[in-house]
Amino acid sequence: MDSYLIQVNGRGDHAPLLDVHLKTNGNNISLGKVKSRKPRWAVRASEMSKKTFNPVRAIVDSMKVEPNPKKAMISLSLGDPTVFGNLPTNDEVTRAMKEALDSGRYNGYAPSVGYQSCREAVAAYYSCPEAPLEAQDVILTSGCSQAIELALAVLANPGQNILVPRPGFSLYKTLALSMGIEVKLYNLLPEKGWEIDLKHLESLVDEKTACLIVNNPSNPCGSVFSKSHLQKILAVASRQCVPILADEIYGDMVFADCKYEPIATLSTSVPILSCGGLAKRWLVPGWRMGWILIHDRRDIFGNEIRDGLVRLSQRILGPCTIVQGALERILDRTPPEFYHNTLSILKSNADLCYAALSAIPGLQPVRPAGAMYLMVEIEMEHFPEFENDVEFTERLISEQSVFCLPATCFEYPNFFRVVITVPEEMILEACSRIQEFCEMHYQGVEGAQDLECDK
């Protein structure tokens with residue numbers, strides 16, 4: 001009979017050695033000494049987590065600056081319309097949520113793509129003859145940010161690239177890089193109300209381009225594209241056979257002298273995934289209710305993209321069921337005057353802010369047409385003691401306790417973004433402090449040149 005002898009030798013900190021002998025047919029054969037595995041902890045963060053980078057957080061968190069203790073802080077940096085309490089949601093919206101909760105019908109799991117009745121409600125709300133929708137064309141998501149994430153994940157593979165606006169919402173880059181997707185930045189033109197530089201856009205397309213992101217109305221610019229400009233964007237997408245991911249979370253949040261055109265209403269040939277949600281128009285960003293609208297009248301996406309979105313939605317089993325239970329009533333019962341009042345406040349604040357900042361030497365605001373933001377150019381040659389927009393906004397905090405977001409966060413240096421959802425008196429006070437700050441640091445051309453020579 002064959003027999004086996006395993007002798008373990010080892011001492012101290014050294015891993016034990018296995019001295020293996022095989023005895024067969026009376027012969028003793030040594031197989032030598034083999035080092036055994038000693039278990040040890042080796043927990044490392046995933047590559048995806050290492051690739052996840054939010055430029056806003058990276059820049060803001062590194063701005064270790066204390067506000068002026070003699071002045072109350074005014075934050076014009078956060079795109080959350082609920083912060084100051086001056087823009088509450090409508091009573092009908094709140095009532096719909098209470099009724100959904102009290103009904104006890106929405107405490108369990110829903111289908112990962114959302115309740116059928118809710119998808120029907122969203123489809124009915126956004127459907128129009130130019131861009132018809134049915135329930136099967138709607139995927140409900142946990143906020144518009146998840147809608148964008150799912151749309152990117154279904155359209156692009158690692159190693160492909162996407163076209164992203166500059167300046168643009170930082171989340172696009174954050175999500176793409178974490179997925180191993182390259183980001184190519186196309187330019188927006190401030191002198192043309194932040195229209196897209198179409199030649200630059202088209203020059204970036206190559207065989208690895210998976211989609212074009214179009215954000216309209218825009219964060220951070222507050223711009224709204226005209227119908228003719230949208231048609232030119234669609235012409236580029238059609239020529240290059242590139243699908244569009246439309247971030248339309250600020251859809252219909254446009255001022256009275258402007259008109260919002262959903263991009264899908266202007267083309268029957270370009271396939272579009274339109275992302276939206278309740279967050280901004282209904283002033284409830286914390287409720288985390290978003291959606292993807294699938295516009296594909298030529299069946300270019302086909303079942304491939306639809307099935308892919310369903311599978312991806314199954315990763316977290318859909319958005320909050322209570323909000324889903326309230327969704328149909330929110331869409332149907334919110335009175336038009338609520339939307340009008342919100343826009344009236346935003347337009348008034350935008351006008352006040354634009355007028356006040358336009359009068360300040362060294363600043364060039366770009367008039368917004370919608371959304372909740374205004375971008376301001378810093379004529380850096382007149383502020384030579386500051387290296388860039390980050391230093392400018394840091395000193396604005398430390399001296400005046402006014403916090404504006406440096407546009408480096410949006411890949412667009414030497415601008416800053418102002419959020420216009422704050423109460424009117426705070427807008428006026430903030431602009432007054434910005435004026436005081438600029439007057440303190442402004443240098444004429446000769447003075448700026450002298451300061452440069454002294455450095």
# chains A, B, ... in the order shown; residues from 1 in each chain; ligands from 1
$ residues_around --residues "Ile272 in chain A" --least-positions-apart "5" --cutoff "6 Å" --atoms "only C-alpha atoms" --output "ChimeraX atom specification"
/A:243-245,295
$ closest_atom_pairs --of "range 199-245 of chain A" --to "range 152-162 of chain A" --cutoff "7 Å" --atoms "only C-alpha atoms" --output "tab-separated table"
residue	atom	partner	partner_atom	distance
A:Lys208	CA	A:Gln160	CA	4.8
A:Thr209	CA	A:Asn161	CA	4.8
A:Ala210	CA	A:Ala156	CA	5.3
A:Cys211	CA	A:Ile162	CA	5.2
A:Leu212	CA	A:Ile162	CA	5.9
$ closest_residue --among "A:Val122, A:Val60, A:Ala237, A:Val83" --to "Leu327 in chain A" --atoms "only C-alpha atoms"
A:Val122
$ select_by_dssp --residues "range 355-416 of chain A" --states "alpha helix (DSSP H)" --output "mmCIF file with N, CA, C and O atoms, in the first residue's frame"
data_model
loop_
_atom_site.group_PDB
_atom_site.id
_atom_site.type_symbol
_atom_site.label_atom_id
_atom_site.label_comp_id
_atom_site.auth_asym_id
_atom_site.auth_seq_id
_atom_site.Cartn_x
_atom_site.Cartn_y
_atom_site.Cartn_z
ATOM 1 N N ALA A 355 -27.360 92.595 -13.596
ATOM 2 C CA ALA A 355 -27.190 94.061 -13.624
ATOM 3 C C ALA A 355 -26.123 94.509 -12.638
ATOM 4 O O ALA A 355 -25.272 95.354 -12.963
ATOM 5 N N ALA A 356 -26.153 93.958 -11.441
ATOM 6 C CA ALA A 356 -25.197 94.370 -10.414
ATOM 7 C C ALA A 356 -23.773 93.983 -10.791
ATOM 8 O O ALA A 356 -22.839 94.793 -10.651
ATOM 9 N N LEU A 357 -23.569 92.771 -11.276
ATOM 10 C CA LEU A 357 -22.222 92.313 -11.603
ATOM 11 C C LEU A 357 -21.697 92.967 -12.872
ATOM 12 O O LEU A 357 -20.487 93.143 -13.028
ATOM 13 N N SER A 358 -22.598 93.323 -13.796
ATOM 14 C CA SER A 358 -22.181 94.005 -15.028
ATOM 15 C C SER A 358 -21.551 95.364 -14.743
ATOM 16 O O SER A 358 -20.736 95.863 -15.518
ATOM 17 N N ASP A 389 -8.992 81.505 -10.975
ATOM 18 C CA ASP A 389 -10.335 81.654 -10.404
ATOM 19 C C ASP A 389 -10.451 81.017 -9.021
ATOM 20 O O ASP A 389 -11.242 81.472 -8.191
ATOM 21 N N VAL A 390 -9.682 79.965 -8.764
ATOM 22 C CA VAL A 390 -9.740 79.315 -7.451
ATOM 23 C C VAL A 390 -9.219 80.269 -6.383
ATOM 24 O O VAL A 390 -9.848 80.453 -5.325
ATOM 25 N N GLU A 391 -8.074 80.909 -6.641
ATOM 26 C CA GLU A 391 -7.543 81.880 -5.678
ATOM 27 C C GLU A 391 -8.493 83.061 -5.510
ATOM 28 O O GLU A 391 -8.697 83.562 -4.398
ATOM 29 N N PHE A 392 -9.074 83.522 -6.607
ATOM 30 C CA PHE A 392 -10.010 84.647 -6.561
ATOM 31 C C PHE A 392 -11.180 84.316 -5.635
ATOM 32 O O PHE A 392 -11.540 85.107 -4.752
ATOM 33 N N THR A 393 -11.785 83.140 -5.826
ATOM 34 C CA THR A 393 -12.962 82.782 -5.024
ATOM 35 C C THR A 393 -12.587 82.451 -3.584
ATOM 36 O O THR A 393 -13.386 82.672 -2.672
ATOM 37 N N GLU A 394 -11.371 81.941 -3.362
ATOM 38 C CA GLU A 394 -10.921 81.718 -1.981
ATOM 39 C C GLU A 394 -10.836 83.031 -1.216
ATOM 40 O O GLU A 394 -11.321 83.138 -0.075
ATOM 41 N N ARG A 395 -10.233 84.027 -1.841
ATOM 42 C CA ARG A 395 -10.097 85.321 -1.172
ATOM 43 C C ARG A 395 -11.453 86.006 -1.005
ATOM 44 O O ARG A 395 -11.669 86.738 -0.033
ATOM 45 N N LEU A 396 -12.365 85.762 -1.941
ATOM 46 C CA LEU A 396 -13.718 86.314 -1.810
ATOM 47 C C LEU A 396 -14.394 85.746 -0.560
ATOM 48 O O LEU A 396 -15.127 86.452 0.136
ATOM 49 N N ILE A 397 -14.121 84.486 -0.253
ATOM 50 C CA ILE A 397 -14.661 83.885 0.966
ATOM 51 C C ILE A 397 -14.008 84.493 2.201
ATOM 52 O O ILE A 397 -14.688 84.920 3.147
ATOM 53 N N SER A 398 -12.678 84.534 2.211
ATOM 54 C CA SER A 398 -11.973 84.968 3.422
ATOM 55 C C SER A 398 -12.204 86.443 3.738
ATOM 56 O O SER A 398 -12.214 86.833 4.902
ATOM 57 N N GLU A 399 -12.408 87.260 2.707
ATOM 58 C CA GLU A 399 -12.583 88.695 2.941
ATOM 59 C C GLU A 399 -14.041 89.119 3.044
ATOM 60 O O GLU A 399 -14.379 90.008 3.823
ATOM 61 N N GLN A 400 -14.919 88.472 2.235
ATOM 62 C CA GLN A 400 -16.307 88.936 2.158
ATOM 63 C C GLN A 400 -17.337 87.890 2.564
ATOM 64 O O GLN A 400 -18.534 88.176 2.579
#
$ residues_around --residues "Pro165 in chain A" --least-positions-apart "6" --cutoff "12 Å" --atoms "only C-alpha atoms" --output "number ranges by chain"
A: 171-173, 183-189, 194-198, 200-201, 204, 212-216, 218-221, 245-247, 410-412
